[in-house]
Structures are given as structure tokens and as C-alpha cells.
file structure-v1.cif (mmCIF, C-alpha atoms)
data_entry
#
loop_
_atom_site.group_PDB
_atom_site.id
_atom_site.type_symbol
_atom_site.label_atom_id
_atom_site.label_comp_id
_atom_site.auth_asym_id
_atom_site.auth_seq_id
_atom_site.Cartn_x
_atom_site.Cartn_y
_atom_site.Cartn_z
ATOM 1 C CA MET A 277 -18.587 -4.595 -0.636
ATOM 2 C CA GLU A 278 -15.849 -7.190 0.000
ATOM 3 C CA GLY A 279 -15.292 -7.500 -3.723
ATOM 4 C CA VAL A 280 -14.319 -6.056 -7.086
ATOM 5 C CA MET A 281 -16.218 -5.597 -10.343
ATOM 6 C CA MET A 282 -14.353 -5.826 -13.653
ATOM 7 C CA ALA A 283 -15.927 -4.721 -16.927
ATOM 8 C CA GLY A 284 -14.928 -6.563 -20.088
ATOM 9 C CA ARG A 285 -15.954 -6.181 -23.707
ATOM 10 C CA THR A 286 -18.769 -8.729 -23.457
ATOM 11 C CA VAL A 287 -19.356 -9.313 -19.748
ATOM 12 C CA ASN A 288 -19.184 -7.637 -16.337
ATOM 13 C CA VAL A 289 -17.898 -9.804 -13.482
ATOM 14 C CA THR A 290 -17.937 -9.219 -9.745
ATOM 15 C CA ALA A 291 -15.943 -11.406 -7.372
ATOM 16 C CA VAL A 292 -16.681 -11.210 -3.632
ATOM 17 C CA ARG A 293 -14.967 -12.798 -0.676
ATOM 18 C CA ARG A 294 -17.419 -14.729 1.471
ATOM 19 C CA LYS A 295 -17.058 -15.234 5.209
ATOM 20 C CA ASN A 296 -16.027 -18.870 4.647
ATOM 21 C CA ASN A 297 -13.087 -17.451 2.617
ATOM 22 C CA GLU A 298 -14.482 -18.676 -0.720
ATOM 23 C CA ILE A 299 -14.698 -16.330 -3.715
ATOM 24 C CA GLU A 300 -18.120 -16.096 -5.358
ATOM 25 C CA PHE A 301 -18.774 -14.631 -8.804
ATOM 26 C CA PHE A 302 -21.608 -12.621 -10.305
ATOM 27 C CA GLU A 303 -21.513 -12.560 -14.112
ATOM 28 C CA VAL A 304 -23.716 -10.405 -16.333
ATOM 29 C CA PRO A 305 -23.260 -10.436 -20.123
ATOM 30 C CA ARG A 306 -23.186 -6.999 -21.713
ATOM 31 C CA LYS A 307 -25.974 -6.544 -24.208
ATOM 32 C CA GLU A 308 -25.085 -4.421 -27.190
ATOM 33 C CA ILE A 309 -27.765 -1.899 -28.128
ATOM 34 C CA ARG A 310 -27.013 -0.429 -31.537
ATOM 35 C CA TRP A 311 -28.186 3.126 -30.940
ATOM 36 C CA VAL A 312 -26.308 3.235 -27.625
ATOM 37 C CA SER A 313 -23.163 1.937 -29.347
ATOM 38 C CA ARG A 314 -23.472 4.729 -31.905
ATOM 39 C CA LEU A 315 -23.804 7.323 -29.145
ATOM 40 C CA LYS A 316 -20.620 6.026 -27.536
ATOM 41 C CA LYS A 317 -18.688 7.082 -30.633
ATOM 42 C CA ILE A 318 -19.828 10.715 -30.482
ATOM 43 C CA PRO A 319 -17.457 13.021 -28.542
ATOM 44 C CA PHE A 320 -19.063 14.879 -25.604
ATOM 45 C CA VAL A 321 -22.142 12.644 -25.843
ATOM 46 C CA ARG A 322 -20.319 9.405 -25.034
ATOM 47 C CA GLY A 323 -19.409 10.711 -21.581
ATOM 48 C CA ILE A 324 -23.053 11.047 -20.565
ATOM 49 C CA VAL A 325 -23.816 7.571 -21.949
ATOM 50 C CA ALA A 326 -20.840 6.120 -20.077
ATOM 51 C CA ILE A 327 -21.928 7.671 -16.772
ATOM 52 C CA VAL A 328 -25.520 6.447 -17.069
ATOM 53 C CA GLU A 329 -24.360 2.985 -18.099
ATOM 54 C CA SER A 330 -21.791 2.802 -15.285
ATOM 55 C CA SER A 331 -24.326 3.916 -12.685
ATOM 56 C CA ALA A 332 -26.812 1.295 -13.853
ATOM 57 C CA LYS A 333 -24.427 -1.661 -13.964
ATOM 58 C CA GLY A 334 -22.660 -0.526 -10.787
ATOM 59 C CA ALA A 335 -25.897 -0.520 -8.818
ATOM 60 C CA GLN A 336 -26.712 -4.047 -9.984
ATOM 61 C CA HIS A 337 -23.337 -5.438 -8.919
ATOM 62 C CA LEU A 338 -23.305 -3.451 -5.682
ATOM 63 C CA ASN A 339 -26.686 -4.930 -4.831
ATOM 64 C CA PHE A 340 -25.286 -8.437 -5.353
ATOM 65 C CA SER A 341 -22.299 -7.792 -3.098
ATOM 66 C CA ALA A 342 -24.529 -6.205 -0.450
ATOM 67 C CA GLU A 343 -26.754 -9.290 -0.424
ATOM 68 C CA LYS A 344 -23.780 -11.600 0.083
ATOM 69 C CA TYR A 345 -22.378 -9.335 2.792
ATOM 70 C CA ALA A 346 -25.741 -9.327 4.580
ATOM 71 C CA GLU A 347 -25.937 -13.133 4.343
ATOM 72 C CA ASP A 348 -22.508 -13.491 5.932
ATOM 73 C CA GLU A 349 -23.296 -11.024 8.700
ATOM 74 C CA SER A 350 -26.649 -12.597 9.562
ATOM 75 C CA GLY A 351 -25.593 -16.187 9.032
ATOM 76 C CA GLU A 352 -28.721 -16.781 6.943
ATOM 77 C CA GLU A 353 -29.063 -16.987 3.182
ATOM 78 C CA ALA A 354 -31.046 -14.010 1.926
ATOM 79 C CA GLU A 355 -33.681 -14.173 -0.767
ATOM 80 C CA PRO A 356 -31.944 -12.800 -3.870
ATOM 81 C CA SER A 357 -33.369 -9.520 -5.091
ATOM 82 C CA THR A 358 -31.477 -9.407 -8.400
ATOM 83 C CA ASP A 359 -29.886 -11.850 -10.759
ATOM 84 C CA SER A 360 -28.394 -12.135 -14.186
ATOM 85 C CA PRO A 361 -31.041 -11.363 -16.842
ATOM 86 C CA LYS A 362 -30.478 -14.739 -18.461
ATOM 87 C CA LYS A 363 -31.276 -16.485 -15.159
ATOM 88 C CA GLY A 364 -33.969 -14.333 -13.665
ATOM 89 C CA GLY A 365 -36.712 -14.472 -16.293
ATOM 90 C CA LEU A 366 -39.189 -11.598 -16.481
ATOM 91 C CA GLY A 367 -39.219 -11.128 -12.726
ATOM 92 C CA GLY A 368 -35.414 -11.098 -12.533
ATOM 93 C CA LEU A 369 -35.153 -8.732 -15.491
ATOM 94 C CA SER A 370 -37.631 -6.286 -13.999
ATOM 95 C CA MET A 371 -35.692 -6.324 -10.732
ATOM 96 C CA VAL A 372 -32.423 -5.711 -12.579
ATOM 97 C CA LEU A 373 -33.987 -2.765 -14.399
ATOM 98 C CA GLY A 374 -35.317 -1.439 -11.104
ATOM 99 C CA VAL A 375 -31.870 -1.608 -9.509
ATOM 100 C CA ALA A 376 -30.349 0.059 -12.583
ATOM 101 C CA VAL A 377 -32.845 2.924 -12.395
ATOM 102 C CA VAL A 378 -32.075 3.389 -8.705
ATOM 103 C CA GLY A 379 -28.362 3.500 -9.534
ATOM 104 C CA VAL A 380 -28.831 6.197 -12.169
ATOM 105 C CA LEU A 381 -31.139 8.245 -9.923
ATOM 106 C CA SER A 382 -28.659 7.947 -7.049
ATOM 107 C CA PHE A 383 -25.886 9.300 -9.266
ATOM 108 C CA LEU A 384 -28.055 12.177 -10.469
ATOM 109 C CA PHE A 385 -29.135 13.031 -6.922
ATOM 110 C CA GLY A 386 -25.541 13.064 -5.703
ATOM 111 C CA LYS A 387 -24.447 15.127 -8.690
ATOM 112 C CA PHE A 388 -27.231 17.655 -8.147
ATOM 113 C CA VAL A 389 -26.355 17.974 -4.459
ATOM 114 C CA PHE A 390 -22.647 18.585 -5.099
ATOM 115 C CA THR A 391 -23.499 20.962 -7.964
ATOM 116 C CA LEU A 392 -26.268 23.045 -6.409
ATOM 117 C CA VAL A 393 -25.233 23.258 -2.735
ATOM 118 C CA PRO A 394 -21.810 24.883 -3.400
ATOM 119 C CA ALA A 395 -23.438 27.357 -5.801
ATOM 120 C CA ALA A 396 -26.042 28.277 -3.195
ATOM 121 C CA ILE A 397 -23.452 28.653 -0.413
ATOM 122 C CA GLU A 398 -21.221 30.871 -2.542
ATOM 123 C CA GLN A 399 -24.159 33.013 -3.642
ATOM 124 C CA LEU A 400 -25.418 33.524 -0.095
ATOM 125 C CA LEU A 401 -21.976 34.298 1.396
ATOM 126 C CA PHE A 402 -20.233 36.317 -1.306
ATOM 127 C CA GLN A 403 -22.815 37.731 -3.728
ATOM 128 C CA ASN A 404 -22.549 41.301 -2.392
ATOM 129 C CA MET A 405 -18.760 41.411 -1.952
ATOM 130 C CA PHE A 406 -17.725 41.786 -5.608
ATOM 131 C CA LYS A 407 -19.038 41.520 -9.183
ATOM 132 C CA ASN A 408 -16.324 39.448 -10.851
ATOM 133 C CA LEU A 409 -18.141 36.422 -12.293
ATOM 134 C CA ILE A 410 -14.998 34.314 -12.768
ATOM 135 C CA LEU A 411 -13.988 34.852 -9.146
ATOM 136 C CA HIS A 412 -17.461 33.796 -7.991
ATOM 137 C CA ASN A 413 -17.135 30.603 -10.042
ATOM 138 C CA LEU A 414 -13.668 29.930 -8.628
ATOM 139 C CA LEU A 415 -14.990 30.283 -5.089
ATOM 140 C CA GLU A 416 -17.838 27.943 -5.958
ATOM 141 C CA GLY A 417 -15.288 25.424 -7.210
ATOM 142 C CA VAL A 418 -13.244 25.743 -4.012
ATOM 143 C CA ILE A 419 -16.357 25.201 -1.869
ATOM 144 C CA LYS A 420 -17.268 22.176 -3.962
ATOM 145 C CA ILE A 421 -13.793 20.660 -3.568
ATOM 146 C CA VAL A 422 -13.809 21.272 0.203
ATOM 147 C CA LEU A 423 -17.232 19.609 0.572
ATOM 148 C CA LEU A 424 -16.165 16.689 -1.623
ATOM 149 C CA LEU A 425 -12.866 16.090 0.175
ATOM 150 C CA GLY A 426 -14.529 16.425 3.558
ATOM 151 C CA TYR A 427 -17.264 13.972 2.607
ATOM 152 C CA ILE A 428 -14.827 11.373 1.258
ATOM 153 C CA TYR A 429 -12.453 11.768 4.212
ATOM 154 C CA PHE A 430 -15.111 11.301 6.885
ATOM 155 C CA ILE A 431 -16.773 8.289 5.244
ATOM 156 C CA SER A 432 -13.315 6.732 4.767
ATOM 157 C CA LEU A 433 -12.960 6.635 8.556
ATOM 158 C CA THR A 434 -15.664 3.961 8.783
ATOM 159 C CA PRO A 435 -14.334 0.369 8.632
ATOM 160 C CA LEU A 436 -16.685 -0.655 5.796
ATOM 161 C CA ILE A 437 -15.709 2.216 3.480
ATOM 162 C CA LYS A 438 -12.030 1.823 4.332
ATOM 163 C CA ARG A 439 -12.208 -1.792 3.136
ATOM 164 C CA LEU A 440 -14.115 -0.697 0.037
ATOM 165 C CA PHE A 441 -11.302 1.761 -0.749
ATOM 166 C CA GLN A 442 -8.769 -1.031 -0.226
ATOM 167 C CA TYR A 443 -10.567 -3.125 -2.829
ATOM 168 C CA HIS A 444 -10.560 -0.045 -5.070
ATOM 169 C CA GLY A 445 -6.791 0.067 -4.712
ATOM 170 C CA ALA A 446 -6.577 -3.658 -5.474
ATOM 171 C CA GLU A 447 -8.573 -3.123 -8.656
ATOM 172 C CA HIS A 448 -6.166 -0.432 -9.860
ATOM 173 C CA LYS A 449 -3.135 -2.548 -9.044
ATOM 174 C CA VAL A 450 -4.430 -5.494 -11.071
ATOM 175 C CA ILE A 451 -5.274 -3.336 -14.094
ATOM 176 C CA SER A 452 -1.846 -1.652 -13.962
ATOM 177 C CA ALA A 453 -0.087 -5.024 -13.710
ATOM 178 C CA TYR A 454 -2.059 -6.369 -16.673
ATOM 179 C CA GLU A 455 -1.317 -3.262 -18.768
ATOM 180 C CA ALA A 456 2.378 -3.682 -17.908
ATOM 181 C CA GLY A 457 2.280 -7.247 -19.227
ATOM 182 C CA LYS A 458 3.046 -8.832 -15.852
ATOM 183 C CA GLU A 459 1.780 -12.219 -14.741
ATOM 184 C CA LEU A 460 -1.188 -11.676 -12.432
ATOM 185 C CA THR A 461 0.127 -13.046 -9.172
ATOM 186 C CA VAL A 462 -0.400 -11.446 -5.777
ATOM 187 C CA GLU A 463 3.329 -10.756 -5.479
ATOM 188 C CA ASN A 464 3.552 -9.040 -8.888
ATOM 189 C CA VAL A 465 0.353 -7.041 -8.454
ATOM 190 C CA GLN A 466 1.314 -5.698 -5.019
ATOM 191 C CA LYS A 467 4.349 -3.975 -6.571
ATOM 192 C CA PHE A 468 2.084 -1.536 -8.453
ATOM 193 C CA ASN A 469 0.538 1.732 -7.336
ATOM 194 C CA THR A 470 -3.075 2.129 -6.222
ATOM 195 C CA LEU A 471 -3.516 5.169 -8.505
ATOM 196 C CA HIS A 472 -4.737 5.011 -12.112
ATOM 197 C CA TYR A 473 -5.399 7.728 -14.694
ATOM 198 C CA ARG A 474 -8.745 6.316 -15.904
ATOM 199 C CA CYS A 475 -10.347 6.167 -12.455
ATOM 200 C CA GLY A 476 -13.811 7.612 -11.885
ATOM 201 C CA SER A 477 -12.382 9.612 -8.977
ATOM 202 C CA SER A 478 -10.407 11.621 -11.541
ATOM 203 C CA PHE A 479 -13.611 12.237 -13.457
ATOM 204 C CA ILE A 480 -15.183 13.832 -10.349
ATOM 205 C CA VAL A 481 -12.320 16.324 -10.032
ATOM 206 C CA PHE A 482 -12.478 17.217 -13.710
ATOM 207 C CA THR A 483 -16.194 18.021 -13.460
ATOM 208 C CA VAL A 484 -15.314 20.644 -10.849
ATOM 209 C CA ILE A 485 -12.506 22.175 -12.945
ATOM 210 C CA VAL A 486 -14.473 22.085 -16.196
ATOM 211 C CA GLY A 487 -17.534 23.477 -14.430
ATOM 212 C CA VAL A 488 -15.606 26.572 -13.301
ATOM 213 C CA VAL A 489 -14.650 27.275 -16.924
ATOM 214 C CA VAL A 490 -18.021 26.501 -18.519
ATOM 215 C CA TYR A 491 -20.095 28.425 -15.950
ATOM 216 C CA SER A 492 -17.961 31.534 -16.506
ATOM 217 C CA PHE A 493 -19.546 32.036 -19.933
ATOM 218 C CA PHE A 494 -23.069 32.402 -18.522
ATOM 219 C CA LYS A 495 -24.297 35.344 -16.490
ATOM 220 C CA TYR A 496 -27.050 35.200 -13.877
ATOM 221 C CA ASP A 497 -28.963 37.708 -11.767
ATOM 222 C CA THR A 498 -30.480 35.662 -8.955
ATOM 223 C CA LEU A 499 -29.694 32.511 -7.018
ATOM 224 C CA TRP A 500 -32.455 30.642 -8.862
ATOM 225 C CA ASP A 501 -30.998 31.718 -12.213
ATOM 226 C CA ARG A 502 -27.638 30.416 -11.110
ATOM 227 C CA LEU A 503 -29.010 27.053 -9.980
ATOM 228 C CA LEU A 504 -31.079 26.579 -13.144
ATOM 229 C CA ILE A 505 -28.037 27.350 -15.285
ATOM 230 C CA ARG A 506 -26.027 24.762 -13.365
ATOM 231 C CA ILE A 507 -28.696 22.106 -13.969
ATOM 232 C CA ALA A 508 -29.041 22.985 -17.663
ATOM 233 C CA LEU A 509 -25.262 22.874 -18.215
ATOM 234 C CA LEU A 510 -24.700 19.650 -16.274
ATOM 235 C CA PRO A 511 -24.773 17.402 -19.398
ATOM 236 C CA LEU A 512 -22.224 19.676 -21.095
ATOM 237 C CA VAL A 513 -19.936 19.659 -18.059
ATOM 238 C CA ILE A 514 -20.142 15.858 -17.830
ATOM 239 C CA GLY A 515 -19.484 15.457 -21.554
ATOM 240 C CA VAL A 516 -16.447 17.763 -21.581
ATOM 241 C CA SER A 517 -15.062 16.274 -18.349
ATOM 242 C CA TYR A 518 -15.179 12.794 -19.852
ATOM 243 C CA GLU A 519 -13.169 13.977 -22.865
ATOM 244 C CA VAL A 520 -10.633 15.583 -20.523
ATOM 245 C CA LEU A 521 -10.344 12.277 -18.662
ATOM 246 C CA ARG A 522 -9.679 10.447 -21.936
ATOM 247 C CA LEU A 523 -7.109 13.077 -22.899
ATOM 248 C CA THR A 524 -5.193 12.812 -19.631
ATOM 249 C CA ASN A 525 -5.081 9.035 -20.007
ATOM 250 C CA SER A 526 -3.811 9.261 -23.590
ATOM 251 C CA VAL A 527 -0.916 11.569 -22.638
ATOM 252 C CA ARG A 528 0.025 9.928 -19.333
ATOM 253 C CA GLU A 529 3.276 8.593 -20.848
ATOM 254 C CA THR A 530 4.247 12.041 -22.180
ATOM 255 C CA PRO A 531 6.511 13.698 -19.581
ATOM 256 C CA VAL A 532 5.447 17.284 -20.387
ATOM 257 C CA LEU A 533 1.702 16.509 -20.336
ATOM 258 C CA ARG A 534 1.275 13.765 -17.754
ATOM 259 C CA PHE A 535 0.775 16.411 -15.043
ATOM 260 C CA LEU A 536 -2.694 17.107 -16.520
ATOM 261 C CA GLY A 537 -3.987 14.019 -14.753
ATOM 262 C CA TYR A 538 -2.460 14.877 -11.372
ATOM 263 C CA PRO A 539 -5.616 16.450 -9.814
ATOM 264 C CA GLY A 540 -7.476 13.172 -10.287
ATOM 265 C CA LEU A 541 -4.552 11.155 -8.926
ATOM 266 C CA TRP A 542 -4.420 13.383 -5.843
ATOM 267 C CA LEU A 543 -8.083 12.654 -5.105
ATOM 268 C CA GLN A 544 -7.415 8.933 -5.501
ATOM 269 C CA LYS A 545 -5.095 9.168 -2.507
ATOM 270 C CA LEU A 546 -8.355 9.441 -0.562
ATOM 271 C CA THR A 547 -10.501 6.999 -2.543
ATOM 272 C CA THR A 548 -7.929 4.181 -2.675
ATOM 273 C CA LYS A 549 -6.065 2.433 0.141
ATOM 274 C CA GLU A 550 -3.300 -0.160 0.138
ATOM 275 C CA PRO A 551 -4.981 -3.598 -0.082
ATOM 276 C CA ASP A 552 -3.880 -6.749 1.702
ATOM 277 C CA ASP A 553 -2.997 -9.922 -0.201
ATOM 278 C CA SER A 554 -6.433 -11.489 0.189
ATOM 279 C CA GLN A 555 -8.089 -8.426 -1.370
ATOM 280 C CA VAL A 556 -5.644 -8.484 -4.272
ATOM 281 C CA GLU A 557 -6.472 -12.164 -4.717
ATOM 282 C CA VAL A 558 -10.165 -11.298 -5.116
ATOM 283 C CA SER A 559 -9.357 -8.603 -7.669
ATOM 284 C CA ILE A 560 -7.171 -10.994 -9.658
ATOM 285 C CA ALA A 561 -9.929 -13.615 -9.592
ATOM 286 C CA SER A 562 -12.478 -11.106 -10.888
ATOM 287 C CA PHE A 563 -10.172 -9.940 -13.680
ATOM 288 C CA LYS A 564 -9.186 -13.450 -14.774
ATOM 289 C CA ARG A 565 -12.801 -14.615 -14.795
ATOM 290 C CA MET A 566 -13.742 -11.596 -16.884
ATOM 291 C CA LEU A 567 -10.987 -12.368 -19.392
ATOM 292 C CA GLU A 568 -12.010 -16.014 -19.541
ATOM 293 C CA LEU A 569 -15.672 -15.225 -20.227
ATOM 294 C CA ASP A 570 -14.704 -12.484 -22.685
ATOM 295 C CA ASN A 571 -12.681 -14.948 -24.750
ATOM 296 C CA GLU A 572 -15.441 -17.576 -24.625
ATOM 297 C CA LEU A 573 -18.177 -15.170 -25.689
ATOM 298 C CA LEU A 574 -16.069 -13.557 -28.401
ATOM 299 C CA ASN A 575 -15.166 -16.984 -29.806
ATOM 300 C CA ASP A 576 -18.824 -18.043 -29.734
ATOM 301 C CA ARG A 577 -19.867 -14.886 -31.564
ATOM 302 C CA GLY A 578 -17.118 -15.368 -34.128
ATOM 303 C CA ALA A 579 -18.228 -18.958 -34.717
ATOM 304 C CA ALA A 580 -21.850 -17.854 -35.062
ATOM 305 C CA LYS A 581 -20.930 -15.234 -37.662
ATOM 306 C CA SER A 582 -18.877 -17.779 -39.608
ATOM 307 C CA GLY A 583 -21.828 -20.169 -39.595
ATOM 308 C CA GLN A 584 -24.132 -17.457 -40.881
ATOM 309 C CA ALA A 585 -21.680 -16.608 -43.641
ATOM 310 C CA VAL A 586 -21.404 -20.244 -44.721
ATOM 311 C CA SER A 587 -25.147 -20.779 -44.733
#
call {"tool": "encode", "arguments": {"input": "structure-v1.cif", "output": "C-alpha cells"}}
result
Amino acid sequence: MEGVMMAGRTVNVTAVRRKNNEIEFFEVPRKEIRWVSRLKKIPFVRGIVAIVESSAKGAQHLNFSAEKYAEDESGEEAEPSTDSPKKGGLGGLSMVLGVAVVGVLSFLFGKFVFTLVPAAIEQLLFQNMFKNLILHNLLEGVIKIVLLLGYIYFISLTPLIKRLFQYHGAEHKVISAYEAGKELTVENVQKFNTLHYRCGSSFIVFTVIVGVVVYSFFKYDTLWDRLLIRIALLPLVIGVSYEVLRLTNSVRETPVLRFLGYPGLWLQKLTTKEPDDSQVEVSIASFKRMLELDNELLNDRGAAKSGQAVS
């Protein structure tokens, strides 16, 4: 809300624009957990880990931006409900964990809704019309896409979500400018597109497409069988969809294969909007602060390892 989060190798940074026009930062170092790092290297498993991790950290940073937005709207400084683990002590850490759990549960709830409701609708409307399992799954996918597009379109009509989508576009522009080796100025960044192959919006589309294929290998007799199969296969669908997302990003410069990422880019036409200069400025500030802290932390870690080696 009124800001952008950038994830670096060692730290996640959110920059938000306050009502007094100042930019405020929220910085949370990324803690490396060995067994999680190992899971991130395993194909099809790393996608599930990435989604859980993104939901957790996203909820924490969203909560920070919501607090600042509420402060600006009310004109009073709110009592902070979350903070960086290094600042918050045991109380702050427990609150961070609580927000992270809520973020993961929110993702799972949303995923269950958009997985189970289309299956139920298709089953109730078309179960007696034909027996072709693949066609049933295709119809389920169409219903899911229609519900998803309708949901995103209608929430995008609200001023708050429209601005959020503008910041989403600003984020993509900054990343594209950086990857192109351009100096991160508002003028340079505004020349780039709001669409990006690695966006989470693309991931959502791929879960629908992959789901149609995966579900076609499993037969069911009743609506409850169908819903249980969808729940059981959800980790597999997420894992495969993540690999598809990585694949489309890796071949985006190959003319014959770059079209594989088009479905995700089409959805981003709804989830991103053209940002104004002030929103791009916030995104640049978030990205530069992330790079700065990344370099500092990486240098500190390198110095610590050298000291250990010498001793």
C-alpha cells in the first residue's frame, strides 16, 4: 500500500510514500535456514517453498505498509504491530511469526477457493452432459480463468487497488531497467514496460494451465472425489507451475519460445498499471536501498569468514 517491496539476497526492503511526501523504509534481513536452502535446490519442491516463503514475507511487509497508510489517514501514529526481528525482541519476533502464518494461511485459503469452487461449478453444471474427462477439466479451467479475471478486474476499479497495481507496474519497470543496465532514474525507468516474465501473476495463470493437464490423469466418480483429488494434487500443480515459470523466463530472449510466457503477460495487463513519476521514485528508492544493504551485509559476511579463516 503506497509502496514497493524489493527482495535481495540478504535483505527484503519496503519503501512507502508517506502523506508528508517522505519515503520511509522497512528493512528485514533474510535469515538463511540450511534445510530450507537445500529444499530450494530441488526441482518441483522449490516452488512450494518459494510460495510459502513469499506469502510469509509479503504479509509482514504488507502489514507495515498498512500501518503507515492508516497513520496517514487518521493523522495519528499507530502502535506498531510488527517490526524487524532484530528490533522487536521476543514480542516483536512472535508478532512477525504471527503475521507470517496469517500470510501463508491467506494464500492457502485463496488457492483453495479458486481451486475448489470452479471444480464444483463445473461438476454441478456439466457432469451429466458428457463423459470426456479432458473436456471437463478444460471447462473447469475456463471457469477458473473467468472467475479470476472477473475478480481482478472488479477489485482494480477501486482507487486503492488501482494505486497498488500502479506500484506493481513501477516495480517491474525498475527491475527491467536494472536488468538492461540502465541508470535508475525516473526518466530511464519510465521508458520500460510494466510487464515482466517472472511476475507472480504469471505463476497464477500457469497453475490453471498445468492443473488442466495434471488433473486429466486422475479419474473421479463424485464431486467429493474430485475436490479431494484437487486438494491432494495442489502441491504438485504448484511445483510444476513454478518450473514452467522459470522455463518461460529462461527462454524469453528466444524468438521461437518467448510466446510461452505470453499467458502470464496478458494477465499482467490487469495486475499492473502505468505508474506516475512519484511511484517510480518510490520503487527506485526501495531497489537502491536493497542493493546498498545487500552489499553491506555481503561484505560483512565475507569479512567475518576471512577472520574465521585467519584465526
call {"tool": "closest_residue", "arguments": {"input": "structure-v1.cif", "among": "A:Lys467, A:His444, A:His412, A:Arg439", "to": "Val489 of chain A", "atoms": "only C-alpha atoms"}}
result
A:His412
call {"tool": "atom_distance", "arguments": {"input": "structure-v1.cif", "atom1": "atom CA of Leu521 of chain A", "atom2": "atom CA of His472 of chain A"}}
result
11.3 Å
call {"tool": "atom_distance", "arguments": {"input": "structure-v1.cif", "atom1": "atom CA of Ile419 of chain A", "atom2": "atom CA of Gly487 of chain A"}}
result
12.7 Å
call {"tool": "atom_distance", "arguments": {"input": "structure-v1.cif", "atom1": "atom CA of Val488 of chain A", "atom2": "atom CA of His448 of chain A"}}
result
28.8 Å
call {"tool": "closest_residue", "arguments": {"input": "structure-v1.cif", "among": "A:Phe388, A:Tyr454, A:Tyr473, A:Met405", "to": "Ala508 of chain A", "atoms": "only C-alpha atoms"}}
result
A:Phe388
call {"tool": "resolve_selection", "arguments": {"input": "structure-v1.cif", "expression": "the PyMOL selection byres ((chain A and resi 522) around 12)", "output": "PDB file with C-alpha atoms, keeping the file's coordinate frame"}}
result
ATOM      1  CA  PRO A 319     -17.457  13.021 -28.542  1.00  0.00           C
ATOM      2  CA  PHE A 320     -19.063  14.879 -25.604  1.00  0.00           C
ATOM      3  CA  ARG A 322     -20.319   9.405 -25.034  1.00  0.00           C
ATOM      4  CA  GLY A 323     -19.409  10.711 -21.581  1.00  0.00           C
ATOM      5  CA  TYR A 473      -5.399   7.728 -14.694  1.00  0.00           C
ATOM      6  CA  ARG A 474      -8.745   6.316 -15.904  1.00  0.00           C
ATOM      7  CA  CYS A 475     -10.347   6.167 -12.455  1.00  0.00           C
ATOM      8  CA  GLY A 476     -13.811   7.612 -11.885  1.00  0.00           C
ATOM      9  CA  SER A 478     -10.407  11.621 -11.541  1.00  0.00           C
ATOM     10  CA  PHE A 479     -13.611  12.237 -13.457  1.00  0.00           C
ATOM     11  CA  PHE A 482     -12.478  17.217 -13.710  1.00  0.00           C
ATOM     12  CA  GLY A 515     -19.484  15.457 -21.554  1.00  0.00           C
ATOM     13  CA  VAL A 516     -16.447  17.763 -21.581  1.00  0.00           C
ATOM     14  CA  SER A 517     -15.062  16.274 -18.349  1.00  0.00           C
ATOM     15  CA  TYR A 518     -15.179  12.794 -19.852  1.00  0.00           C
ATOM     16  CA  GLU A 519     -13.169  13.977 -22.865  1.00  0.00           C
ATOM     17  CA  VAL A 520     -10.633  15.583 -20.523  1.00  0.00           C
ATOM     18  CA  LEU A 521     -10.344  12.277 -18.662  1.00  0.00           C
ATOM     19  CA  LEU A 523      -7.109  13.077 -22.899  1.00  0.00           C
ATOM     20  CA  THR A 524      -5.193  12.812 -19.631  1.00  0.00           C
ATOM     21  CA  ASN A 525      -5.081   9.035 -20.007  1.00  0.00           C
ATOM     22  CA  SER A 526      -3.811   9.261 -23.590  1.00  0.00           C
ATOM     23  CA  VAL A 527      -0.916  11.569 -22.638  1.00  0.00           C
ATOM     24  CA  ARG A 528       0.025   9.928 -19.333  1.00  0.00           C
ATOM     25  CA  LEU A 536      -2.694  17.107 -16.520  1.00  0.00           C
ATOM     26  CA  GLY A 537      -3.987  14.019 -14.753  1.00  0.00           C
TER      27      GLY A 537
END
call {"tool": "build_atoms", "arguments": {"input": "structure-v1.cif", "residues": "segment 555-567 of chain A", "atoms": "N, CA and C atoms", "output": "compact mmCIF listing (two decimals), in the frame of the given file"}}
result
# COMPACT_ATOMS: atom_id res chain seq x y z
N GLN A 555 -7.28 -9.32 -0.53
CA GLN A 555 -8.09 -8.43 -1.37
C GLN A 555 -7.56 -8.39 -2.80
N VAL A 556 -6.25 -8.41 -2.93
CA VAL A 556 -5.64 -8.48 -4.27
C VAL A 556 -6.03 -9.80 -4.94
N GLU A 557 -6.08 -10.85 -4.18
CA GLU A 557 -6.47 -12.16 -4.72
C GLU A 557 -7.89 -12.11 -5.30
N VAL A 558 -8.79 -11.44 -4.62
CA VAL A 558 -10.16 -11.30 -5.12
C VAL A 558 -10.18 -10.51 -6.42
N SER A 559 -9.41 -9.43 -6.46
CA SER A 559 -9.36 -8.60 -7.67
C SER A 559 -8.79 -9.38 -8.85
N ILE A 560 -7.75 -10.16 -8.60
CA ILE A 560 -7.17 -10.99 -9.66
C ILE A 560 -8.20 -12.01 -10.15
N ALA A 561 -8.92 -12.62 -9.22
CA ALA A 561 -9.93 -13.62 -9.59
C ALA A 561 -11.01 -12.99 -10.46
N SER A 562 -11.45 -11.79 -10.11
CA SER A 562 -12.48 -11.11 -10.89
C SER A 562 -11.97 -10.80 -12.30
N PHE A 563 -10.74 -10.31 -12.38
CA PHE A 563 -10.17 -9.94 -13.68
C PHE A 563 -9.97 -11.17 -14.56
N LYS A 564 -9.42 -12.24 -13.99
CA LYS A 564 -9.19 -13.45 -14.77
C LYS A 564 -10.49 -14.08 -15.25
N ARG A 565 -11.51 -14.07 -14.39
CA ARG A 565 -12.80 -14.62 -14.80
C ARG A 565 -13.41 -13.78 -15.91
N MET A 566 -13.24 -12.47 -15.83
CA MET A 566 -13.74 -11.60 -16.88
C MET A 566 -13.05 -11.89 -18.21
N LEU A 567 -11.73 -12.05 -18.17
CA LEU A 567 -10.99 -12.37 -19.39
C LEU A 567 -11.42 -13.71 -19.97
